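**Student:** Just structure-v4.tsv, nothing more (TSV, C-alpha atoms):
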chain	number	residue	atom	x	y	z
A	6	MET	CA	-31.25	38.83	-8.16
A	7	LYS	CA	-30.15	37.17	-11.34
A	8	TYR	CA	-26.79	37.87	-12.91
A	9	VAL	CA	-25.61	36.86	-16.34
A	10	ILE	CA	-21.91	36.59	-17.05
A	11	TRP	CA	-20.52	35.83	-20.49
A	12	LYS	CA	-17.29	33.99	-20.32
A	13	ALA	CA	-15.45	31.34	-22.32
A	14	TYR	CA	-13.61	28.52	-20.63
A	15	TRP	CA	-11.65	25.80	-22.36
A	16	ASP	CA	-10.24	24.22	-19.26
A	17	TYR	CA	-13.05	22.64	-17.24
A	18	GLU	CA	-11.00	22.49	-14.06
A	19	LYS	CA	-10.39	26.25	-14.16
A	20	GLU	CA	-14.08	26.71	-14.88
A	21	GLU	CA	-14.95	24.55	-11.89
A	22	ARG	CA	-12.65	26.58	-9.65
A	23	TRP	CA	-14.26	29.79	-10.87
A	24	LEU	CA	-17.78	28.51	-10.15
A	25	ASN	CA	-16.70	27.56	-6.64
A	26	GLU	CA	-15.06	30.94	-6.09
A	27	MET	CA	-18.25	32.65	-7.22
A	28	SER	CA	-20.25	30.46	-4.87
A	29	ALA	CA	-17.91	31.36	-2.01
A	30	GLN	CA	-18.71	35.01	-2.70
A	31	GLY	CA	-22.46	34.44	-2.57
A	32	MET	CA	-23.19	33.96	-6.25
A	33	SER	CA	-24.54	30.52	-6.92
A	34	PHE	CA	-24.44	29.27	-10.46
A	35	THR	CA	-27.85	28.14	-11.71
A	36	ASP	CA	-27.78	27.80	-15.48
A	37	TYR	CA	-25.49	27.53	-18.46
A	38	SER	CA	-25.83	27.81	-22.17
A	39	TRP	CA	-23.00	28.45	-24.61
A	40	CYS	CA	-20.57	30.76	-22.76
A	41	ARG	CA	-23.44	32.21	-20.74
A	42	TYR	CA	-23.43	31.68	-16.99
A	43	VAL	CA	-26.43	32.57	-14.83
A	44	PHE	CA	-25.97	33.23	-11.13
A	45	THR	CA	-28.32	34.09	-8.30
A	46	ASP	CA	-27.70	35.45	-4.83
A	47	ALA	CA	-27.13	32.82	-2.19
A	48	PRO	CA	-25.49	32.61	1.20
A	49	ASN	CA	-21.70	32.57	0.84
A	50	GLY	CA	-20.43	29.13	0.00
A	51	GLN	CA	-23.82	27.45	0.00
A	52	TYR	CA	-22.88	25.02	-2.77
A	53	ASN	CA	-19.86	23.14	-4.02
A	54	TYR	CA	-19.70	22.68	-7.78
A	55	ARG	CA	-18.27	19.95	-9.98
A	56	ILE	CA	-18.12	19.55	-13.73
A	57	GLU	CA	-18.11	16.13	-15.31
A	58	LEU	CA	-17.86	14.76	-18.82
A	59	LEU	CA	-20.45	12.00	-19.21
A	60	GLU	CA	-19.85	8.90	-21.24
A	61	TYR	CA	-23.01	9.49	-23.26
A	62	MET	CA	-25.24	12.47	-24.00
A	63	PRO	CA	-27.37	13.50	-21.00
A	64	LYS	CA	-30.57	12.10	-22.55
A	65	HIS	CA	-29.07	8.66	-23.10
A	66	PRO	CA	-30.59	6.04	-20.73
A	67	GLU	CA	-27.18	5.25	-19.21
A	68	SER	CA	-26.59	8.92	-18.42
A	69	MET	CA	-30.14	9.36	-17.13
A	70	ALA	CA	-29.67	6.43	-14.76
A	71	TYR	CA	-26.39	7.90	-13.53
A	72	LEU	CA	-27.81	11.40	-13.06
A	73	ARG	CA	-30.82	9.97	-11.21
A	74	PHE	CA	-28.43	8.13	-8.91
A	75	LEU	CA	-26.57	11.37	-8.25
A	76	GLU	CA	-29.81	13.17	-7.46
A	77	GLU	CA	-30.75	10.42	-5.00
A	78	ASN	CA	-27.44	11.13	-3.35
A	79	GLY	CA	-28.05	14.80	-2.85
A	80	VAL	CA	-26.31	16.01	-6.01
A	81	GLU	CA	-28.24	18.47	-8.14
A	82	VAL	CA	-27.83	18.68	-11.89
A	83	VAL	CA	-27.56	22.40	-12.58
A	84	ALA	CA	-27.07	22.35	-16.34
A	85	THR	CA	-25.88	20.19	-19.18
A	86	TYR	CA	-23.98	21.16	-22.29
A	87	LEU	CA	-23.20	18.49	-24.88
A	88	ARG	CA	-21.79	15.67	-22.74
A	89	TRP	CA	-20.70	18.05	-19.97
A	90	VAL	CA	-22.77	18.29	-16.80
A	91	TYR	CA	-22.64	20.95	-14.12
A	92	LEU	CA	-23.36	19.52	-10.68
A	93	ARG	CA	-23.67	20.97	-7.22
A	94	LYS	CA	-24.19	19.81	-3.69
A	95	PRO	CA	-24.93	21.88	-0.58
A	96	ALA	CA	-21.67	22.51	1.28
A	97	SER	CA	-23.50	21.64	4.51
A	98	GLU	CA	-23.55	18.02	3.35
A	99	GLY	CA	-19.77	17.76	3.37
A	100	ALA	CA	-17.09	17.55	0.73
A	101	PHE	CA	-18.25	17.03	-2.82
A	102	ASP	CA	-16.03	14.80	-4.90
A	103	LEU	CA	-17.36	12.58	-7.65
A	104	TYR	CA	-14.34	10.37	-8.00
A	105	THR	CA	-12.42	9.32	-4.94
A	106	ASP	CA	-10.24	6.43	-6.06
A	107	LEU	CA	-7.49	6.18	-8.62
A	108	ASP	CA	-9.35	3.89	-11.01
A	109	SER	CA	-12.41	6.07	-11.35
A	110	LYS	CA	-10.31	9.24	-11.58
A	111	ILE	CA	-8.27	7.70	-14.41
A	112	LYS	CA	-11.48	6.67	-16.18
A	113	HIS	CA	-12.90	10.17	-16.04
A	114	TYR	CA	-9.66	11.77	-17.28
A	115	GLN	CA	-9.56	9.21	-20.06
A	116	ARG	CA	-13.00	10.24	-21.22
A	117	ILE	CA	-11.81	13.82	-21.37
A	118	ASN	CA	-8.64	12.76	-23.13
A	119	PHE	CA	-10.67	10.95	-25.83
A	120	PHE	CA	-12.96	13.94	-26.14
A	121	TRP	CA	-10.13	16.42	-26.80
A	122	THR	CA	-8.24	13.95	-28.97
A	123	ALA	CA	-11.28	13.41	-31.18
A	124	MET	CA	-11.80	17.16	-31.50
A	125	MET	CA	-8.12	17.65	-32.25
A	126	ILE	CA	-8.08	15.00	-34.97
A	127	ALA	CA	-11.18	16.48	-36.60
A	128	GLU	CA	-9.62	19.97	-36.63
A	129	PHE	CA	-6.24	18.78	-37.89
A	130	ALA	CA	-7.90	16.75	-40.65
A	131	ALA	CA	-9.87	19.80	-41.74
A	132	ALA	CA	-6.73	21.95	-41.51
A	133	VAL	CA	-4.61	19.60	-43.61
A	134	SER	CA	-7.17	19.22	-46.37
A	135	ASN	CA	-7.97	22.94	-46.51
A	136	LEU	CA	-4.38	24.10	-46.40
A	137	GLY	CA	-3.40	21.37	-48.86
A	138	ILE	CA	-6.03	22.32	-51.41
A	139	GLY	CA	-5.46	26.04	-50.88
A	140	ILE	CA	-1.70	25.84	-51.30
A	141	ALA	CA	-1.85	23.41	-54.22
A	142	ASN	CA	-4.24	25.75	-55.98
A	143	LEU	CA	-1.86	28.69	-55.37
A	144	PHE	CA	0.97	26.75	-56.96
A	145	LEU	CA	-1.28	26.21	-59.96
A	146	ASN	CA	-1.81	29.99	-60.07
A	147	GLU	CA	-5.39	29.43	-58.91
A	148	ARG	CA	-6.15	27.63	-62.12
A	149	LEU	CA	-8.74	25.56	-60.23
A	150	GLY	CA	-10.63	28.70	-59.27
A	151	ASN	CA	-10.30	31.75	-57.12
A	152	PHE	CA	-10.86	30.03	-53.78
A	153	SER	CA	-7.42	29.66	-52.22
A	154	SER	CA	-7.82	32.48	-49.68
A	155	GLY	CA	-10.99	30.87	-48.33
A	156	ASN	CA	-9.23	27.53	-47.90
A	157	LEU	CA	-6.23	29.18	-46.31
A	158	ILE	CA	-8.41	31.04	-43.80
A	159	ILE	CA	-10.42	27.95	-42.86
A	160	GLY	CA	-7.21	25.95	-42.80
A	161	SER	CA	-5.50	28.35	-40.40
A	162	VAL	CA	-8.50	28.59	-38.09
A	163	THR	CA	-8.89	24.82	-37.87
A	164	LEU	CA	-5.14	24.45	-37.42
A	165	ALA	CA	-5.25	26.91	-34.51
A	166	LEU	CA	-8.19	25.04	-32.96
A	167	GLY	CA	-6.38	21.74	-33.39
A	168	ILE	CA	-3.36	23.18	-31.56
A	169	LEU	CA	-5.65	24.53	-28.84
A	170	PHE	CA	-7.28	21.14	-28.28
A	171	LEU	CA	-3.85	19.53	-28.22
A	172	ALA	CA	-2.75	22.05	-25.60
A	173	LEU	CA	-5.83	21.23	-23.53
A	174	ASP	CA	-5.26	17.52	-23.84
A	175	LEU	CA	-1.58	17.42	-22.89
A	176	PRO	CA	-2.10	18.24	-19.19
A	177	ILE	CA	-4.89	15.64	-19.06
A	178	ARG	CA	-2.55	12.99	-20.46
A	179	GLN	CA	0.05	14.05	-17.94
A	180	LYS	CA	-2.47	13.55	-15.14
A	181	ILE	CA	-3.44	10.10	-16.40
A	182	LYS	CA	0.22	9.12	-16.51
A	183	LYS	CA	0.78	10.33	-12.96
A	184	LEU	CA	-2.28	8.52	-11.62
A	185	ARG	CA	-1.14	5.32	-13.34
A	186	GLN	CA	2.26	5.58	-11.68
A	187	GLU	CA	0.52	6.10	-8.39
A	188	LYS	CA	-1.61	3.05	-9.04
A	189	ALA	CA	1.45	0.88	-9.45
A	190	ILE	CA	2.28	1.37	-5.79
A	191	HIS	CA	-1.07	1.80	-4.09
A	192	GLU	CA	-4.76	1.92	-4.86
B	18	MET	CA	-18.59	-22.93	-2.10
B	19	PRO	CA	-17.84	-21.08	-5.33
B	20	GLU	CA	-14.29	-21.29	-6.46
B	21	SER	CA	-12.60	-17.97	-6.06
B	22	ASN	CA	-10.40	-17.10	-8.96
B	23	GLU	CA	-10.42	-13.44	-7.90
B	24	ARG	CA	-7.06	-13.65	-6.24
B	25	GLY	CA	-6.25	-9.98	-6.38
B	26	ALA	CA	-6.76	-7.63	-3.47
B	27	LEU	CA	-10.07	-5.83	-3.30
B	28	THR	CA	-9.97	-2.07	-3.38
B	29	GLU	CA	-10.77	-0.37	-0.14
B	30	ALA	CA	-13.92	1.08	-1.64
B	31	VAL	CA	-15.18	-2.33	-2.79
B	32	PHE	CA	-14.27	-4.00	0.49
B	33	TYR	CA	-16.20	-1.44	2.50
B	34	ILE	CA	-19.17	-1.40	0.13
B	35	LEU	CA	-19.45	-5.18	0.48
B	36	LEU	CA	-19.25	-4.90	4.27
B	37	ALA	CA	-21.90	-2.17	4.30
B	38	LEU	CA	-24.25	-4.33	2.25
B	39	TYR	CA	-24.47	-7.08	4.86
B	40	THR	CA	-27.39	-4.81	5.74
B	41	PRO	CA	-29.56	-3.92	2.72
B	42	MET	CA	-29.36	-0.21	1.92
B	43	HIS	CA	-29.42	2.38	-0.85
B	44	GLY	CA	-26.58	4.44	-2.29
B	45	TYR	CA	-26.61	7.36	0.10
B	46	ARG	CA	-26.65	5.08	3.14
B	47	ILE	CA	-23.73	3.14	1.66
B	48	MET	CA	-21.66	6.33	1.54
B	49	GLN	CA	-22.53	7.21	5.13
B	50	THR	CA	-21.95	3.68	6.39
B	51	VAL	CA	-18.57	3.39	4.68
B	52	ARG	CA	-17.55	6.69	6.23
B	53	GLU	CA	-18.58	5.43	9.67
B	54	LEU	CA	-17.02	1.99	9.29
B	55	SER	CA	-13.71	3.53	8.22
B	56	HIS	CA	-13.75	6.20	10.96
B	57	GLU	CA	-14.19	8.99	8.39
B	58	ARG	CA	-11.17	7.82	6.42
B	59	VAL	CA	-12.91	6.50	3.29
B	60	ASN	CA	-15.20	8.98	1.60
B	61	LEU	CA	-16.82	7.55	-1.49
B	62	GLY	CA	-17.56	9.96	-4.30
B	63	ALA	CA	-20.94	9.43	-5.91
B	64	GLY	CA	-19.36	8.68	-9.27
B	65	THR	CA	-16.98	6.16	-7.79
B	66	LEU	CA	-19.80	4.48	-5.86
B	67	TYR	CA	-22.00	4.30	-8.94
B	68	GLY	CA	-19.26	2.62	-10.97
B	69	ALA	CA	-18.51	0.19	-8.14
B	70	ILE	CA	-22.18	-0.76	-7.66
B	71	ASN	CA	-22.55	-1.51	-11.36
B	72	THR	CA	-19.42	-3.63	-11.42
B	73	LEU	CA	-20.47	-5.54	-8.30
B	74	LEU	CA	-23.93	-6.14	-9.76
B	75	GLU	CA	-22.37	-7.47	-12.94
B	76	LYS	CA	-20.23	-9.86	-10.93
B	77	SER	CA	-23.26	-10.85	-8.81
B	78	TRP	CA	-21.41	-9.98	-5.62
B	79	ILE	CA	-24.41	-7.82	-4.70
B	80	ARG	CA	-28.01	-7.77	-5.92
B	81	PRO	CA	-30.75	-5.19	-6.05
B	82	ILE	CA	-33.69	-5.67	-3.72
B	83	ALA	CA	-37.14	-5.22	-5.20
B	84	GLY	CA	-38.06	-2.00	-3.44
B	85	GLU	CA	-41.45	-1.05	-2.13
B	86	ALA	CA	-43.56	0.76	-4.68
B	87	ASP	CA	-43.32	4.12	-2.95
B	88	SER	CA	-39.56	4.08	-2.68
B	89	ARG	CA	-37.70	5.35	-5.72
B	90	LYS	CA	-34.30	4.61	-4.27
B	91	LYS	CA	-32.87	1.26	-5.14
B	92	GLU	CA	-31.57	-0.88	-2.30
B	93	TYR	CA	-28.85	-3.48	-2.60
B	94	GLU	CA	-27.57	-6.36	-0.53
B	95	ILE	CA	-24.57	-8.66	-0.61
B	96	THR	CA	-24.98	-12.13	-2.18
B	97	ALA	CA	-23.59	-15.46	-1.01
B	98	LEU	CA	-20.88	-15.10	-3.63
B	99	GLY	CA	-20.09	-11.64	-2.31
B	100	LYS	CA	-19.78	-12.99	1.20
B	101	SER	CA	-17.37	-15.70	0.07
B	102	ILE	CA	-15.28	-12.99	-1.61
B	103	VAL	CA	-15.18	-11.06	1.65
B	104	ASP	CA	-14.16	-14.23	3.50
B	105	SER	CA	-11.24	-14.94	1.22
B	106	GLU	CA	-10.21	-11.28	1.36
B	107	LEU	CA	-10.19	-11.49	5.15
B	108	LEU	CA	-7.92	-14.54	4.96
B	109	ARG	CA	-5.60	-12.69	2.63
B	110	LEU	CA	-5.53	-9.65	4.91
B	111	GLN	CA	-4.93	-11.80	7.94
B	112	GLU	CA	-1.96	-13.40	6.28
B	113	LEU	CA	-0.58	-9.96	5.43
B	114	VAL	CA	-1.00	-8.72	8.96
B	115	GLU	CA	0.56	-11.83	10.49
B	116	THR	CA	3.54	-11.83	8.19
B	117	GLY	CA	3.94	-8.09	8.53
B	118	LYS	CA	3.85	-8.20	12.30
B	119	ARG	CA	6.29	-11.08	12.45
B	120	ILE	CA	8.89	-9.34	10.33
B	121	ALA	CA	8.40	-5.64	10.88
B	122	GLY	CA	6.05	-5.14	13.73
B	123	GLY	CA	7.61	-6.93	16.67
B	124	ARG	CA	7.35	-3.95	18.95
B	125	MET	CA	3.73	-3.25	18.02
B	126	LEU	CA	2.50	-6.59	19.28
What does this structure look like when you write it as structure tokens?

**Tutor:**
Amino acid sequence: MKYVIWKAYWDYEKEERWLNEMSAQGMSFTDYSWCRYVFTDAPNGQYNYRIELLEYMPKHPESMAYLRFLEENGVEVVATYLRWVYLRKPASEGAFDLYTDLDSKIKHYQRINFFWTAMMIAEFAAAVSNLGIGIANLFLNERLGNFSSGNLIIGSVTLALGILFLALDLPIRQKIKKLRQEKAIHE
Amino acid sequence: MPESNERGALTEAVFYILLALYTPMHGYRIMQTVRELSHERVNLGAGTLYGAINTLLEKSWIRPIAGEADSRKKEYEITALGKSIVDSELLRLQELVETGKRIAGGRML
């Protein structure tokens, strides 16, 4: 049986936990496209899932080489979305962790940190220019044209998104900081 | 003998990967071997291993072996430079153990 579940996740670690919980209940995740998760029946807990942010798009030669390496090591690429990849490995083959030392964990979190920071900057830049133009035009009694409400709406939406991305990024930064402290005393 | 200016400690992962590659093998075998060598203590994640292999290749501490045509999996082995790195790491570790035992570990001897 195939099941489709529509769901939006911002936090990839929560998403990962959810996929593993579903797998534990006998629903193994098999495909993803924007907010759409496909599951099929499987023995309870057949697979462990991990989500990773790649350095490059999945079709980039560097990423292809990495994904091929993973597949040689018993890791299956379930789906890709932008630079995100959904991976799984049969639970029978033992624990499934991609990054097992501090350095590589920090590197992965840093990639995610840059990702959210870039998104945040883009949204805040759009918010500032839209709100700025919209409000300036209001002060001029919309002499420049009747477009302020449009700018204000776009400005508020992008501002909200910027705040959301900031909220997503803060815990990641916290984790990087903690791992760095850890690294100062052992590997 | 190449001059070692890599005076820092090796990470556990790197140390065990180098040891594993005294016998040529591919990625999956490296993970298994490291687990065995470390009595199940060191489990290498695939992402961590991939990064380490690339770094070690860049430093020429290991090299890829031209595989047989039918094998898609790449095999690696340690180089002479890699072995000299392991040797100097062993010296460093030995010094640590000796000093540690002398000062703190009297009863463990």

**Student:** Leaving out A:Ile138 and any residue of its chain fewer than 4 positions from it, which residues lie within 12 Å of it when counting all atoms listed in the file, given as a ChimeraX atom specification?

**Tutor:** /A:131-134,142-145,147-160

**Student:** Go through A:Ile140, A:Ala29, A:Met125, A:Leu75 and flag the residue nearest A:Ala165, using only C-alpha atoms for the distances.

**Tutor:** A:Met125

**Student:** Please, which residues of chain A lie no more than 6 Å from chain B when the count uses only C-alpha atoms, and can they be set out as a ChimeraX atom specification?

**Tutor:** /A:78,102-105,109

**Student:** Keeping C-alpha atoms, export the residues of the selection given above as a PDB file, in the frame of the given file.

**Tutor:**
ATOM      1  CA  ASN A  78     -27.440  11.130  -3.350  1.00  0.00           C
ATOM      2  CA  ASP A 102     -16.030  14.800  -4.900  1.00  0.00           C
ATOM      3  CA  LEU A 103     -17.360  12.580  -7.650  1.00  0.00           C
ATOM      4  CA  TYR A 104     -14.340  10.370  -8.000  1.00  0.00           C
ATOM      5  CA  THR A 105     -12.420   9.320  -4.940  1.00  0.00           C
ATOM      6  CA  SER A 109     -12.410   6.070 -11.350  1.00  0.00           C
TER       7      SER A 109
END

**Student:** Would you compute the distance between atom CA of A:Leu173 and atom CA of A:Gln30? Give it in Å to one decimal.

**Tutor:**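 Between atom CA of A:Leu173 and atom CA of A:Gln30 the gap works out to 28.1 Å.
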
**Student:** Per residue of stretch 106-181 of chain A within 9 Å of stretch 58-69 of chain A, what are the shortest atom pair and its distance in Å to one decimal, counting only C-alpha atoms, with rows by chain and residue number, as a tab-separated table?

**Tutor:**
residue	atom	partner	partner_atom	distance
A:His113	CA	A:Leu58	CA	7.3
A:Tyr114	CA	A:Leu58	CA	8.9
A:Arg116	CA	A:Glu60	CA	7.0
A:Ile117	CA	A:Leu58	CA	6.6
A:Phe120	CA	A:Leu58	CA	8.8

**Student:** As an exercise, work out the distance from atom CA of A:Ala130 to atom CA of A:Tyr14 in Å and give it to one decimal place.

**Tutor:**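 So the two atoms, atom CA of A:Ala130 and atom CA of A:Tyr14, lie 23.9 Å apart.
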
**Student:** So how many Å separate atom CA of B:Lys76 and atom CA of B:Glu112, to one decimal?

**Tutor:**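 That distance, rounded to one decimal, is 25.3 Å.
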
**Student:** The centre and edge lengths of an axis-aligned box containing all atoms of stretch 170-179 of chain A present in the file, extended by 3 Å on each side, are to be given in Å to one decimal, as JSON.

**Tutor:**
{"center_x": -3.6, "center_y": 17.5, "center_z": -23.1, "size_x": 13.3, "size_y": 15.1, "size_z": 16.3}

**Student:** Please provide as a PyMOL selection string all residues within 10 Å of A:Ile181, with the sequence filter that same-chain residues fewer than 5 positions apart are discarded (counting all atoms listed in the file).

**Tutor:** chain A and resi 107+110-115+118+175-176+186-187

**Student:** Excluding A:Ile56 and its own-chain neighbours fewer than 2 positions away, which residues fall within 9 Å of it when counting only C-alpha atoms? Please give them as an mmCIF file with C-alpha atoms, keeping the file's coordinate frame.

**Tutor:**
data_model
loop_
_atom_site.group_PDB
_atom_site.id
_atom_site.type_symbol
_atom_site.label_atom_id
_atom_site.label_comp_id
_atom_site.auth_asym_id
_atom_site.auth_seq_id
_atom_site.Cartn_x
_atom_site.Cartn_y
_atom_site.Cartn_z
ATOM 1 C CA TYR A 17 -13.050 22.640 -17.240
ATOM 2 C CA GLU A 18 -11.000 22.490 -14.060
ATOM 3 C CA GLU A 20 -14.080 26.710 -14.880
ATOM 4 C CA GLU A 21 -14.950 24.550 -11.890
ATOM 5 C CA TYR A 54 -19.700 22.680 -7.780
ATOM 6 C CA LEU A 58 -17.860 14.760 -18.820
ATOM 7 C CA TRP A 89 -20.700 18.050 -19.970
ATOM 8 C CA VAL A 90 -22.770 18.290 -16.800
ATOM 9 C CA TYR A 91 -22.640 20.950 -14.120
ATOM 10 C CA LEU A 92 -23.360 19.520 -10.680
ATOM 11 C CA ARG A 93 -23.670 20.970 -7.220
#
